[in-house]
$ cat work_19.cif   # mmCIF, C-alpha atoms and all ligand atoms
data_upload
#
loop_
_atom_site.label_atom_id
_atom_site.label_comp_id
_atom_site.auth_asym_id
_atom_site.auth_seq_id
_atom_site.Cartn_x
_atom_site.Cartn_y
_atom_site.Cartn_z
CA MET V 1 91.42 62.35 114.21
CA ASN V 2 92.27 62.35 117.85
CA PRO V 3 95.73 63.88 118.31
CA ALA V 4 96.33 61.58 121.26
CA VAL V 5 99.74 60.28 122.14
CA ARG V 6 100.51 56.75 121.03
CA SER V 7 102.06 54.76 123.80
CA GLY V 8 104.43 51.84 123.77
CA SER V 9 106.30 53.00 120.71
CA CYS V 10 109.82 54.28 120.46
CA PRO V 11 110.48 57.06 119.58
CA PRO V 12 107.50 58.80 121.22
CA SER V 13 104.86 59.51 118.62
CA VAL V 14 101.74 61.62 118.26
CA ASP V 15 98.95 61.47 115.73
CA PHE V 16 99.34 65.15 114.87
CA ASP V 17 98.15 66.20 111.42
CA PRO V 18 98.80 69.94 111.01
CA TYR V 19 95.98 70.14 108.43
CA SER V 20 93.35 68.31 110.43
CA PRO V 21 90.05 70.22 110.59
CA GLU V 22 89.86 69.01 114.19
CA LEU V 23 92.82 71.12 115.18
CA THR V 24 90.81 74.13 116.21
CA GLU V 25 89.57 75.79 119.38
CA PRO V 26 89.66 74.56 122.08
CA GLY V 27 91.05 71.07 121.37
CA VAL V 28 94.15 72.31 119.56
CA TRP V 29 95.68 73.24 122.94
CA ASP V 30 95.15 69.70 124.23
CA ALA V 31 96.97 68.42 121.14
CA TYR V 32 99.97 70.64 121.92
CA ALA V 33 99.88 69.66 125.60
CA ALA V 34 99.80 65.98 124.61
CA ALA V 35 102.75 66.45 122.25
CA HIS V 36 104.67 68.35 124.92
CA ALA V 37 103.98 65.62 127.50
CA ALA V 38 105.10 62.91 125.05
CA GLY V 39 108.61 64.33 124.79
CA PRO V 40 110.86 67.07 123.48
CA ALA V 41 111.01 65.53 119.99
CA VAL V 42 108.00 63.46 118.97
CA ARG V 43 107.24 61.69 115.73
CA SER V 44 104.09 62.02 113.62
CA GLU V 45 103.60 59.80 110.58
CA ARG V 46 101.08 62.18 109.03
CA ARG V 47 101.85 64.03 105.77
CA GLY V 48 104.85 61.88 104.91
CA GLY V 49 106.19 61.83 108.46
CA PHE V 50 107.90 64.50 110.50
CA TRP V 51 109.37 65.32 113.89
CA MET V 52 107.77 67.88 116.13
CA LEU V 53 109.77 69.90 118.68
CA THR V 54 107.67 70.90 121.67
CA ARG V 55 109.94 72.50 124.27
CA TYR V 56 110.76 76.19 124.44
CA ASP V 57 114.55 75.78 124.78
CA ASP V 58 114.78 73.25 121.94
CA VAL V 59 112.63 75.27 119.53
CA ARG V 60 114.66 78.40 120.23
CA THR V 61 117.95 76.53 119.85
CA ALA V 62 116.77 75.18 116.48
CA LEU V 63 115.76 78.68 115.37
CA ARG V 64 119.26 79.89 116.21
CA ASP V 65 120.85 77.14 114.15
CA PRO V 66 119.76 77.56 110.51
CA GLN V 67 122.81 75.55 109.36
CA THR V 68 121.29 72.44 110.94
CA PHE V 69 117.60 73.36 110.66
CA SER V 70 117.29 74.62 107.11
CA SER V 71 114.36 76.63 105.75
CA ALA V 72 115.23 75.90 102.12
CA SER V 73 112.69 73.08 101.78
CA GLY V 74 109.80 75.30 102.83
CA HIS V 75 108.07 76.36 106.03
CA ARG V 76 105.13 73.98 105.76
CA ILE V 77 104.79 70.23 106.25
CA PRO V 78 105.45 68.40 103.97
CA THR V 79 108.71 70.24 103.28
CA ASP V 80 108.94 69.49 99.58
CA GLY V 81 110.69 72.72 98.51
CA THR V 82 108.03 73.66 95.95
CA GLN V 83 106.68 77.22 95.84
CA ARG V 84 109.44 78.80 97.90
CA ALA V 85 108.55 82.22 99.26
CA ILE V 86 111.13 84.98 99.73
CA PRO V 87 112.69 85.33 102.29
CA ILE V 88 111.13 82.74 104.58
CA ASP V 89 112.05 79.66 102.53
CA PHE V 90 115.72 80.55 102.01
CA ASP V 91 118.93 80.04 103.98
CA PRO V 92 121.92 82.39 104.10
CA PRO V 93 123.56 83.85 102.14
CA LEU V 94 120.59 84.41 99.80
CA HIS V 95 118.20 84.86 102.74
CA THR V 96 120.41 87.63 104.16
CA ALA V 97 120.51 89.43 100.80
CA TYR V 98 116.75 89.20 100.25
CA ARG V 99 115.99 90.27 103.78
CA ARG V 100 118.24 93.31 103.42
CA LEU V 101 116.18 94.45 100.43
CA MET V 102 112.97 94.21 102.45
CA THR V 103 114.08 95.71 105.77
CA GLY V 104 113.63 99.36 104.83
CA ALA V 105 109.89 98.94 104.26
CA LEU V 106 109.40 97.61 107.81
CA SER V 107 112.08 99.31 109.91
CA PRO V 108 111.13 100.75 113.33
CA ALA V 109 111.73 104.23 111.84
CA ARG V 110 109.25 103.52 109.03
CA VAL V 111 106.72 102.19 111.55
CA ARG V 112 107.10 105.36 113.64
CA GLU V 113 106.54 107.38 110.48
CA MET V 114 103.39 105.39 109.77
CA LYS V 115 101.90 105.92 113.24
CA PRO V 116 99.60 108.84 112.31
CA PHE V 117 98.34 106.80 109.34
CA LEU V 118 97.74 103.76 111.58
CA GLU V 119 95.86 105.87 114.14
CA ARG V 120 93.68 107.42 111.46
CA THR V 121 92.97 104.12 109.72
CA VAL V 122 92.23 102.16 112.89
CA GLY V 123 90.18 105.07 114.21
CA ASP V 124 88.02 105.24 111.06
CA LEU V 125 87.38 101.49 110.98
CA VAL V 126 86.55 101.23 114.69
CA ASP V 127 84.39 104.37 114.76
CA ARG V 128 82.36 103.17 111.78
CA PHE V 129 81.95 99.78 113.43
CA VAL V 130 80.74 101.35 116.68
CA THR V 131 78.34 103.67 114.84
CA ALA V 132 76.87 100.62 113.11
CA GLY V 133 76.26 99.11 116.56
CA GLY V 134 78.86 96.37 116.05
CA GLY V 135 78.64 93.32 113.80
CA ASP V 136 81.14 90.67 112.78
CA PHE V 137 84.44 92.06 114.02
CA VAL V 138 86.45 89.78 111.70
CA ARG V 139 84.75 90.93 108.53
CA GLU V 140 84.30 94.59 109.40
CA VAL V 141 87.59 95.44 111.13
CA ALA V 142 90.18 92.65 111.33
CA LEU V 143 89.99 91.69 107.64
CA PRO V 144 90.24 95.16 106.05
CA LEU V 145 92.79 96.61 108.50
CA PRO V 146 95.92 94.74 107.31
CA LEU V 147 94.95 95.38 103.68
CA LEU V 148 94.73 99.12 104.23
CA VAL V 149 98.07 99.09 106.02
CA LEU V 150 99.58 97.08 103.20
CA THR V 151 98.53 99.69 100.64
CA GLU V 152 100.34 102.36 102.59
CA LEU V 153 103.37 100.17 103.25
CA VAL V 154 104.07 98.96 99.74
CA GLY V 155 102.35 101.66 97.70
CA PHE V 156 99.94 99.38 95.82
CA ASP V 157 97.29 100.87 93.60
CA PRO V 158 93.89 101.07 95.41
CA THR V 159 92.41 98.87 92.64
CA THR V 160 94.95 96.14 93.41
CA VAL V 161 94.08 96.33 97.07
CA ARG V 162 90.36 96.15 96.32
CA GLN V 163 90.92 93.05 94.19
CA PHE V 164 93.20 91.57 96.79
CA ARG V 165 90.47 92.18 99.31
CA GLU V 166 87.96 90.36 97.10
CA VAL V 167 90.25 87.33 96.84
CA THR V 168 90.81 87.21 100.58
CA GLU V 169 87.12 87.78 101.33
CA GLN V 170 86.10 84.91 99.04
CA MET V 171 88.64 82.68 100.72
CA TRP V 172 87.44 83.88 104.06
CA ALA V 173 83.78 83.28 103.28
CA GLY V 174 84.68 79.67 102.42
CA LEU V 175 86.55 79.24 105.67
CA ALA V 176 83.85 80.91 107.75
CA ASP V 177 81.25 78.61 106.21
CA HIS V 178 83.55 75.68 106.95
CA GLU V 179 83.44 74.59 103.33
CA GLU V 180 85.28 71.35 102.85
CA GLU V 181 87.59 72.62 100.10
CA VAL V 182 88.71 76.23 100.02
CA ASP V 183 90.68 76.76 96.82
CA PHE V 184 93.94 78.19 98.17
CA THR V 185 95.78 77.47 94.91
CA ALA V 186 93.37 79.61 92.90
CA ALA V 187 93.65 82.39 95.50
CA ARG V 188 97.46 82.20 95.41
CA THR V 189 97.47 82.34 91.61
CA ARG V 190 95.23 85.40 91.69
CA ILE V 191 97.48 87.13 94.23
CA TYR V 192 100.50 86.44 92.02
CA GLU V 193 98.66 87.92 89.02
CA LEU V 194 97.85 91.05 90.99
CA MET V 195 101.47 91.45 92.10
CA LYS V 196 102.66 90.97 88.53
CA ALA V 197 100.29 93.72 87.34
CA GLU V 198 101.71 96.06 90.00
CA ILE V 199 105.23 95.45 88.75
CA VAL V 200 104.20 96.14 85.17
CA ALA V 201 102.45 99.36 86.23
CA HIS V 202 105.46 100.56 88.25
CA ARG V 203 107.85 99.65 85.45
CA ALA V 204 105.84 101.92 83.13
CA GLY V 205 107.05 104.71 85.44
CA GLY V 206 105.66 107.69 87.29
CA ARG V 207 105.06 105.91 90.61
CA ALA V 208 107.14 106.02 93.76
CA GLY V 209 107.28 103.60 96.67
CA PHE V 210 108.60 100.20 97.61
CA VAL V 211 107.79 98.47 94.30
CA THR V 212 109.82 101.08 92.41
CA GLU V 213 112.68 100.59 94.91
CA LEU V 214 112.57 96.86 94.16
CA LEU V 215 112.80 97.52 90.43
CA ASP V 216 116.09 99.33 91.05
CA ALA V 217 117.40 96.90 93.69
CA GLU V 218 120.39 94.66 93.05
CA ILE V 219 121.42 91.36 94.52
CA ASP V 220 124.91 89.97 93.82
CA GLY V 221 125.37 92.70 91.20
CA ARG V 222 122.23 91.85 89.24
CA ARG V 223 118.66 93.13 89.11
CA LEU V 224 115.85 91.04 90.64
CA ASP V 225 113.84 89.05 88.11
CA ASP V 226 110.03 89.25 88.00
CA GLU V 227 109.56 85.99 89.90
CA GLU V 228 111.67 87.30 92.78
CA MET V 229 109.81 90.60 92.88
CA ILE V 230 106.43 88.89 92.79
CA SER V 231 107.47 86.58 95.61
CA ILE V 232 108.63 89.50 97.78
CA LEU V 233 105.40 91.43 97.21
CA ALA V 234 103.28 88.35 97.80
CA THR V 235 105.14 87.80 101.09
CA PHE V 236 104.18 91.28 102.25
CA ALA V 237 100.60 90.69 101.16
CA VAL V 238 100.25 87.25 102.72
CA ALA V 239 102.62 87.24 105.74
CA GLY V 240 101.22 90.48 107.06
CA HIS V 241 97.60 89.69 106.42
CA GLU V 242 96.30 86.55 108.05
CA THR V 243 98.61 86.91 111.04
CA THR V 244 97.49 90.46 111.86
CA MET V 245 93.84 89.68 111.16
CA ASN V 246 93.89 86.66 113.48
CA SER V 247 95.77 88.56 116.16
CA ALA V 248 93.26 91.44 116.13
CA SER V 249 90.27 89.09 116.33
CA THR V 250 91.89 86.94 118.99
CA LEU V 251 92.45 90.02 121.16
CA VAL V 252 88.81 91.08 120.82
CA HIS V 253 87.70 87.52 121.54
CA LEU V 254 89.70 87.72 124.76
CA LEU V 255 88.02 91.01 125.72
CA VAL V 256 84.51 89.63 125.25
CA THR V 257 85.17 86.27 126.93
CA GLU V 258 87.10 87.72 129.88
CA PRO V 259 85.22 90.88 130.89
CA GLY V 260 87.56 91.34 133.87
CA GLN V 261 90.49 91.70 131.49
CA GLN V 262 88.48 94.14 129.41
CA ASP V 263 87.56 96.25 132.44
CA ARG V 264 91.20 96.41 133.49
CA LEU V 265 92.33 97.45 130.03
CA ARG V 266 89.62 100.08 129.74
CA ALA V 267 90.73 101.57 133.05
CA ASN V 268 94.40 101.37 131.99
CA PRO V 269 94.67 101.66 128.18
CA GLU V 270 98.44 102.08 128.55
CA LEU V 271 98.50 98.32 129.26
CA ALA V 272 97.58 97.63 125.61
CA PRO V 273 101.16 96.59 124.57
CA ARG V 274 101.21 94.10 127.48
CA TYR V 275 97.92 92.56 126.32
CA VAL V 276 99.33 92.28 122.80
CA GLU V 277 102.54 90.59 124.01
CA GLU V 278 100.73 88.11 126.25
CA MET V 279 98.25 87.30 123.46
CA LEU V 280 101.18 86.53 121.15
CA ARG V 281 102.55 84.12 123.76
CA HIS V 282 99.28 82.62 124.92
CA ARG V 283 97.58 82.26 121.54
CA SER V 284 100.53 82.03 119.09
CA PRO V 285 98.54 83.25 116.05
CA ALA V 286 101.28 81.71 113.83
CA GLN V 287 101.63 78.34 115.51
CA ASN V 288 104.11 76.06 113.71
CA PHE V 289 106.90 76.44 111.15
CA ALA V 290 108.84 73.67 109.45
CA ARG V 291 112.54 73.11 108.84
CA ARG V 292 114.61 70.25 107.39
CA THR V 293 117.72 68.83 109.05
CA THR V 294 120.97 69.10 107.08
CA CYS V 295 122.88 66.68 109.35
CA PRO V 296 122.12 64.24 112.17
CA VAL V 297 121.15 66.04 115.37
CA SER V 298 120.08 65.12 118.89
CA VAL V 299 117.18 66.96 120.54
CA GLY V 300 116.43 66.23 124.20
CA GLY V 301 118.21 62.88 123.85
CA GLN V 302 116.28 61.93 120.72
CA ASP V 303 118.35 61.31 117.59
CA ILE V 304 117.02 62.88 114.41
CA ALA V 305 118.61 61.83 111.12
CA GLU V 306 119.78 64.09 108.31
CA GLY V 307 117.10 65.15 105.82
CA GLU V 308 114.15 64.87 108.24
CA ALA V 309 111.22 67.30 108.23
CA VAL V 310 110.91 69.01 111.61
CA LEU V 311 107.92 71.01 112.76
CA LEU V 312 108.96 73.68 115.25
CA SER V 313 105.91 74.18 117.39
CA PHE V 314 105.93 77.80 118.49
CA ALA V 315 102.52 77.26 120.06
CA ALA V 316 103.67 74.33 122.22
CA ALA V 317 106.89 76.18 123.14
CA ASN V 318 104.95 79.28 124.15
CA ARG V 319 103.00 77.14 126.62
CA ASP V 320 106.01 75.26 127.97
CA PRO V 321 105.52 75.42 131.77
CA GLU V 322 109.30 75.31 132.30
CA ARG V 323 109.55 78.70 130.60
CA PHE V 324 106.13 80.24 131.31
CA PRO V 325 104.62 79.05 134.62
CA ASP V 326 100.87 78.39 134.55
CA PRO V 327 101.08 78.72 130.75
CA ASN V 328 97.40 78.26 129.92
CA ARG V 329 96.45 81.38 131.87
CA PHE V 330 96.29 84.70 130.02
CA ASP V 331 98.20 87.01 132.33
CA PRO V 332 99.23 90.41 131.01
CA ASP V 333 101.30 90.94 134.18
CA ARG V 334 103.68 88.12 133.41
CA ASP V 335 107.01 88.74 131.74
CA ALA V 336 106.17 87.42 128.27
CA ARG V 337 109.45 88.64 126.78
CA GLY V 338 111.23 85.98 124.81
CA HIS V 339 107.99 84.42 123.58
CA LEU V 340 108.16 82.88 120.13
CA GLY V 341 105.03 84.52 118.73
CA PHE V 342 107.21 86.28 116.17
CA GLY V 343 109.74 83.45 115.97
CA TRP V 344 113.44 83.94 116.80
CA GLY V 345 116.78 84.11 115.04
CA ILE V 346 117.41 84.97 111.41
CA HIS V 347 113.80 84.42 110.31
CA GLN V 348 112.26 86.41 113.13
CA CYS V 349 109.20 88.26 111.87
CA MET V 350 110.06 91.35 109.84
CA GLY V 351 106.65 92.87 110.52
CA ALA V 352 106.84 92.61 114.33
CA ALA V 353 107.19 96.35 115.00
CA LEU V 354 104.36 97.16 112.59
CA ALA V 355 102.04 94.47 113.99
CA ARG V 356 102.74 95.47 117.60
CA SER V 357 101.98 99.10 116.83
CA GLU V 358 98.82 98.30 114.82
CA LEU V 359 97.40 96.00 117.51
CA ALA V 360 98.16 98.31 120.45
CA ILE V 361 96.52 101.23 118.60
CA LEU V 362 93.49 99.04 117.91
CA LEU V 363 93.06 98.05 121.56
CA ALA V 364 93.47 101.60 122.78
CA ARG V 365 90.91 102.83 120.25
CA LEU V 366 88.37 100.17 121.22
CA CYS V 367 88.76 101.23 124.85
CA ALA V 368 87.61 104.73 123.91
CA HIS V 369 84.14 103.30 123.20
CA PRO V 370 81.52 101.57 125.37
CA PRO V 371 82.33 98.03 126.53
CA ILE V 372 82.32 95.41 123.83
CA VAL V 373 80.31 92.22 124.37
CA ALA V 374 79.68 88.98 122.50
CA ALA V 375 76.58 89.00 120.27
CA GLY V 376 76.39 85.53 118.73
CA GLU V 377 78.23 82.34 117.96
CA VAL V 378 82.01 82.62 117.54
CA ARG V 379 83.55 80.35 114.92
CA TRP V 380 87.23 79.49 114.55
CA SER V 381 89.34 78.33 111.64
CA SER V 382 91.16 75.08 111.97
CA LEU V 383 94.94 75.36 111.55
CA GLN V 384 95.22 77.07 108.14
CA GLY V 385 98.19 75.77 106.22
CA GLY V 386 99.12 73.92 109.39
CA ASN V 387 99.96 77.25 110.86
CA HIS V 388 97.44 80.06 111.36
CA LEU V 389 94.64 80.02 113.89
CA GLY V 390 91.99 82.65 114.60
CA PRO V 391 88.26 83.37 114.73
CA THR V 392 86.45 83.38 111.37
CA THR V 393 83.25 84.91 112.78
CA LEU V 394 83.13 87.09 115.87
CA PRO V 395 79.79 88.88 116.35
CA VAL V 396 80.00 91.67 118.94
CA ARG V 397 78.12 94.76 120.01
CA PHE V 398 78.78 97.71 122.31
CA GLU V 399 77.07 97.99 125.66
CA PRO V 400 76.94 101.47 127.17
CA GLN V 401 75.38 100.25 130.43
CA ARG V 402 78.13 98.08 131.85
CA ASP V 403 80.43 100.97 132.80
CA GLU V 404 77.54 102.62 134.63
CA LYS V 405 76.59 99.40 136.43
CA GLY V 406 80.22 99.36 137.62
C1 LIG P 1 100.79 89.64 114.78
C2 LIG P 1 101.12 89.48 113.50
C3 LIG P 1 102.24 88.59 113.03
C4 LIG P 1 102.69 87.40 113.55
C5 LIG P 1 102.14 86.64 114.76
C6 LIG P 1 103.80 86.96 112.73
C7 LIG P 1 104.55 85.81 112.96
C8 LIG P 1 105.68 85.46 112.27
C9 LIG P 1 106.55 84.35 112.61
C10 LIG P 1 106.32 83.39 113.76
C11 LIG P 1 107.58 84.34 111.70
C12 LIG P 1 108.78 83.38 111.70
C13 LIG P 1 108.65 82.25 110.71
C14 LIG P 1 109.80 81.27 110.74
O1 LIG P 1 110.61 81.24 111.65
O2 LIG P 1 109.88 80.45 109.80
C15 LIG P 1 107.34 85.43 110.78
C16 LIG P 1 108.15 85.74 109.70
C17 LIG P 1 107.88 86.77 108.83
N1 LIG P 1 106.91 87.75 108.94
FE1 LIG P 1 105.51 87.86 110.36
N2 LIG P 1 103.98 87.88 111.73
C18 LIG P 1 103.07 88.90 111.88
C19 LIG P 1 102.94 90.03 111.10
C20 LIG P 1 103.70 90.33 110.01
C21 LIG P 1 103.57 91.52 109.18
C22 LIG P 1 102.57 92.66 109.45
C23 LIG P 1 104.48 91.41 108.17
C24 LIG P 1 104.77 92.34 107.02
C25 LIG P 1 103.97 93.21 106.51
C26 LIG P 1 105.22 90.17 108.40
C27 LIG P 1 106.24 89.71 107.60
C28 LIG P 1 107.02 88.60 107.88
C29 LIG P 1 108.13 88.18 107.03
C30 LIG P 1 108.61 88.87 105.76
C31 LIG P 1 108.66 87.02 107.62
C32 LIG P 1 109.84 86.18 107.12
C33 LIG P 1 111.14 86.65 107.74
C34 LIG P 1 112.33 85.82 107.30
O3 LIG P 1 112.18 84.71 106.79
O4 LIG P 1 113.46 86.31 107.48
N3 LIG P 1 104.71 89.55 109.50
N4 LIG P 1 106.19 86.12 111.16
#
$ encode --input "work_19.cif" --output "structure tokens"
Amino acid sequence: MNPAVRSGSCPPSVDFDPYSPELTEPGVWDAYAAAHAAGPAVRSERRGGFWMLTRYDDVRTALRDPQTFSSASGHRIPTDGTQRAIPIDFDPPLHTAYRRLMTGALSPARVREMKPFLERTVGDLVDRFVTAGGGDFVREVALPLPLLVLTELVGFDPTTVRQFREVTEQMWAGLADHEEEVDFTAARTRIYELMKAEIVAHRAGGRAGFVTELLDAEIDGRRLDDEEMISILATFAVAGHETTMNSASTLVHLLVTEPGQQDRLRANPELAPRYVEEMLRHRSPAQNFARRTTCPVSVGGQDIAEGEAVLLSFAAANRDPERFPDPNRFDPDRDARGHLGFGWGIHQCMGAALARSELAILLARLCAHPPIVAAGEVRWSSLQGGNHLGPTTLPVRFEPQRDEKG
């Protein structure tokens, strides 16, 4: 599929299929640029048909208006409302209540408390990787890191985490090998089973942590049922996993493909948070999220009827030249504040503080070692679930000489 703009039609349309295997590096950025050039609200007839919003101001306005742009039909195209995840696929007031239950586990205070754990965990993973002389950064560092953090965050049993790791590794092996059909449904079912087992184990008593807090939590004067608890735990497991993994690998890919940026960071490791922020803008590891209109609305002069699926393109918005001049350039000196890498409004990422901290610690730790260089072919996923993008294989090694060469 060529995601080229179709001309001569009204409204402007693009042949954008969020699940196309062709939407990968580097062409995916041309697809967003084409959609952006076609108009603020463009139509794709793929996957049952949907609108795509491409401009920064419009995407942010939509994110601030959940009454009009509802999440209740799901965050993926097609928005059919099946398999709703808590809290992302809910509108207020239920969304507000669910989110309140989850906030404590991810508050800035909790993230500060976790910092020594994050430093130790990142340090161990990176040091082992360096001692081994490098390898596939995705498999050895980016994949296990969010799982280890998750264990600490939610208080899962190490066996659950090991099994969760097996599921994700199998899925990952399929993606890395570019197998035609990776069985996401089987993986999702397995994750749900693991979460269910955690609830049963915690209910039996004697264990502290977030799962036990959930067992005691109330919403509208009633206890959560098992389905709700499983959905919340699965959200932590899934939302925090692929996003962080892709972000970590994307940062390291940047370091090995732009040695100048790496040299600068190594000389000034305090710039790590700036690199993280600009990566979130420039690469948008979570690229598109869907909504459904609850009433007729006009976007950039384009009328959109009630009940339409709308894909909010965070990736296109983050490269809108009106908001971020010279948007295709990675520039850690720019003011990237306001980027939509973590979304905006009531659904803004709950794990943002944790992810920022984890990624900045990772960069700083890598800078404590010899320069990191590419050591083989890099492979990328295509847009997973119409949303996530990141390297699936990233072979690197460490090169003591470059610092000395100057
Ligand atoms: C760099 C890593 C991450 C990125 C780029 C990212 C990105 C996003 C984005 C763009 C959204 C908004 C979705 C929407 O508007 O529909 C979101 C929501 C969410 N994220 Fe993240 N995320 C990351 C890490 C995490 C982590 C580590 C966790 C938790 C452990 C997490 C938990 C969530 C949750 C629970 C939501 C739903 C919030 C709601 O619906 O109110 N995320 N994330």
$ residues_near_ligand --input "work_19.cif" --ligand "ligand LIG 1 (chain P)" --cutoff "7 Å" --atoms "only C-alpha atoms and all ligand atoms" --output "PyMOL selection string"
chain V and resi 63+75+87-89+95+99+150+235-237+239-241+243-244+247+280+284-286+289-290+340-344+346-352+354-356
$ write_last_selection --input "work_19.cif" --atoms "C-alpha atoms" --output "compact mmCIF listing (two decimals), keeping the file's coordinate frame"
# COMPACT_ATOMS: atom_id res chain seq x y z
CA LEU V 63 115.76 78.68 115.37
CA HIS V 75 108.07 76.36 106.03
CA PRO V 87 112.69 85.33 102.29
CA ILE V 88 111.13 82.74 104.58
CA ASP V 89 112.05 79.66 102.53
CA HIS V 95 118.20 84.86 102.74
CA ARG V 99 115.99 90.27 103.78
CA LEU V 150 99.58 97.08 103.20
CA THR V 235 105.14 87.80 101.09
CA PHE V 236 104.18 91.28 102.25
CA ALA V 237 100.60 90.69 101.16
CA ALA V 239 102.62 87.24 105.74
CA GLY V 240 101.22 90.48 107.06
CA HIS V 241 97.60 89.69 106.42
CA THR V 243 98.61 86.91 111.04
CA THR V 244 97.49 90.46 111.86
CA SER V 247 95.77 88.56 116.16
CA LEU V 280 101.18 86.53 121.15
CA SER V 284 100.53 82.03 119.09
CA PRO V 285 98.54 83.25 116.05
CA ALA V 286 101.28 81.71 113.83
CA PHE V 289 106.90 76.44 111.15
CA ALA V 290 108.84 73.67 109.45
CA LEU V 340 108.16 82.88 120.13
CA GLY V 341 105.03 84.52 118.73
CA PHE V 342 107.21 86.28 116.17
CA GLY V 343 109.74 83.45 115.97
CA TRP V 344 113.44 83.94 116.80
CA ILE V 346 117.41 84.97 111.41
CA HIS V 347 113.80 84.42 110.31
CA GLN V 348 112.26 86.41 113.13
CA CYS V 349 109.20 88.26 111.87
CA MET V 350 110.06 91.35 109.84
CA GLY V 351 106.65 92.87 110.52
CA ALA V 352 106.84 92.61 114.33
CA LEU V 354 104.36 97.16 112.59
CA ALA V 355 102.04 94.47 113.99
CA ARG V 356 102.74 95.47 117.60
$ closest_residue --input "work_19.cif" --among "V:Tyr32, V:Phe16, V:Tyr56, V:Trp51" --to "Ile304 (chain V)" --atoms "all atoms listed in the file"
V:Trp51
$ residues_near_point --input "work_19.cif" --point "(90.9, 105.9, 120.1)" --cutoff "10 Å" --atoms "only C-alpha atoms" --output "PyMOL selection string"
chain V and resi 119-120+122-124+126-127+269+361-369
$ closest_residue --input "work_19.cif" --among "V:Arg274, V:Arg379, V:Arg46, V:Arg128" --to "Thr250 (chain V)" --atoms "all atoms listed in the file"
V:Arg379
$ closest_atom_pairs --input "work_19.cif" --of "region 300-336 of chain V" --to "region 65-68 of chain V" --cutoff "12 Å" --atoms "all atoms listed in the file" --output "CSV"
residue,atom,partner,partner_atom,distance
V:Ile304,CA,V:Thr68,CA,11.0
V:Ala305,CA,V:Thr68,CA,10.9
V:Glu306,CA,V:Thr68,CA,8.9
V:Gly307,CA,V:Thr68,CA,9.8
V:Glu308,CA,V:Thr68,CA,10.8
V:Ala309,CA,V:Thr68,CA,11.6
V:Val310,CA,V:Thr68,CA,11.0
$ atom_distance --input "work_19.cif" --atom1 "CA of Ile232 (chain V)" --atom2 "CA of Val211 (chain V)"
9.7 Å
$ atom_distance --input "work_19.cif" --atom1 "CA of Arg292 (chain V)" --atom2 "CA of Ile86 (chain V)"
17.0 Å
$ atom_distance --input "work_19.cif" --atom1 "CA of Asp136 (chain V)" --atom2 "CA of Val373 (chain V)"
11.7 Å
$ residues_around --input "work_19.cif" --residues "region 164-168 of chain V" --least-positions-apart "6" --cutoff "9 Å" --atoms "all atoms listed in the file" --output "JSON, numbers by chain"
{"V": [143, 144, 147, 187, 188, 190, 191, 194, 237]}
$ residues_around --input "work_19.cif" --residues "region 17-26 of chain V" --least-positions-apart "4" --cutoff "7 Å" --atoms "only C-alpha atoms" --output "list in words"
Met1, Arg46, Trp380, Ser381, Ser382, Leu383, Gln384, Gly385 and Gly386 of chain V
$ closest_residue --input "work_19.cif" --among "V:Asn318, V:Thr257, V:Thr121, V:Thr61" --to "Ala375 (chain V)" --atoms "all atoms listed in the file"
V:Thr257
$ closest_residue --input "work_19.cif" --among "V:Asp91, V:Asp320, V:Glu218, V:Asp335" --to "Ala35 (chain V)" --atoms "all atoms listed in the file"
V:Asp320
$ closest_residue --input "work_19.cif" --among "V:Ala85, V:Gly301, V:Leu312, V:Val252" --to "Ala234 (chain V)" --atoms "only C-alpha atoms"
V:Ala85
$ residues_near_point --input "work_19.cif" --point "(85.6, 96.5, 109.1)" --cutoff "6 Å" --atoms "all atoms listed in the file" --output "ChimeraX atom specification"
/V:125,139-141,144
$ axis_aligned_box --input "work_19.cif" --around "region 95-112 of chain V" --padding-each-side "8 Å" --output "lines of an AutoDock Vina configuration file"
center_x = 113.6
center_y = 95.1
center_z = 106.9
size_x = 29.8
size_y = 36.5
size_z = 29.4
$ closest_residue --input "work_19.cif" --among "V:Gly135, V:Gly209, V:Arg84, V:Ala353" --to "Ile230 (chain V)" --atoms "all atoms listed in the file"
V:Arg84
$ build_atoms --input "work_19.cif" --residues "region 157-162 of chain V" --atoms "N, CA and C atoms" --output "PDB file, in the coordinates of the input"
ATOM      1  N   ASP V 157      98.417 100.132  94.128  1.00  0.00           N
ATOM      2  CA  ASP V 157      97.290 100.870  93.600  1.00  0.00           C
ATOM      3  C   ASP V 157      96.022 100.461  94.370  1.00  0.00           C
ATOM      4  N   PRO V 158      95.124 101.430  94.674  1.00  0.00           N
ATOM      5  CA  PRO V 158      93.890 101.070  95.410  1.00  0.00           C
ATOM      6  C   PRO V 158      93.092  99.964  94.701  1.00  0.00           C
ATOM      7  N   THR V 159      93.157  99.927  93.358  1.00  0.00           N
ATOM      8  CA  THR V 159      92.410  98.870  92.640  1.00  0.00           C
ATOM      9  C   THR V 159      92.987  97.490  92.983  1.00  0.00           C
ATOM     10  N   THR V 160      94.320  97.409  93.043  1.00  0.00           N
ATOM     11  CA  THR V 160      94.950  96.140  93.410  1.00  0.00           C
ATOM     12  C   THR V 160      94.472  95.711  94.791  1.00  0.00           C
ATOM     13  N   VAL V 161      94.456  96.683  95.698  1.00  0.00           N
ATOM     14  CA  VAL V 161      94.080  96.330  97.070  1.00  0.00           C
ATOM     15  C   VAL V 161      92.627  95.888  97.125  1.00  0.00           C
ATOM     16  N   ARG V 162      91.772  96.563  96.325  1.00  0.00           N
ATOM     17  CA  ARG V 162      90.360  96.150  96.320  1.00  0.00           C
ATOM     18  C   ARG V 162      90.245  94.712  95.806  1.00  0.00           C
TER      19      ARG V 162
END
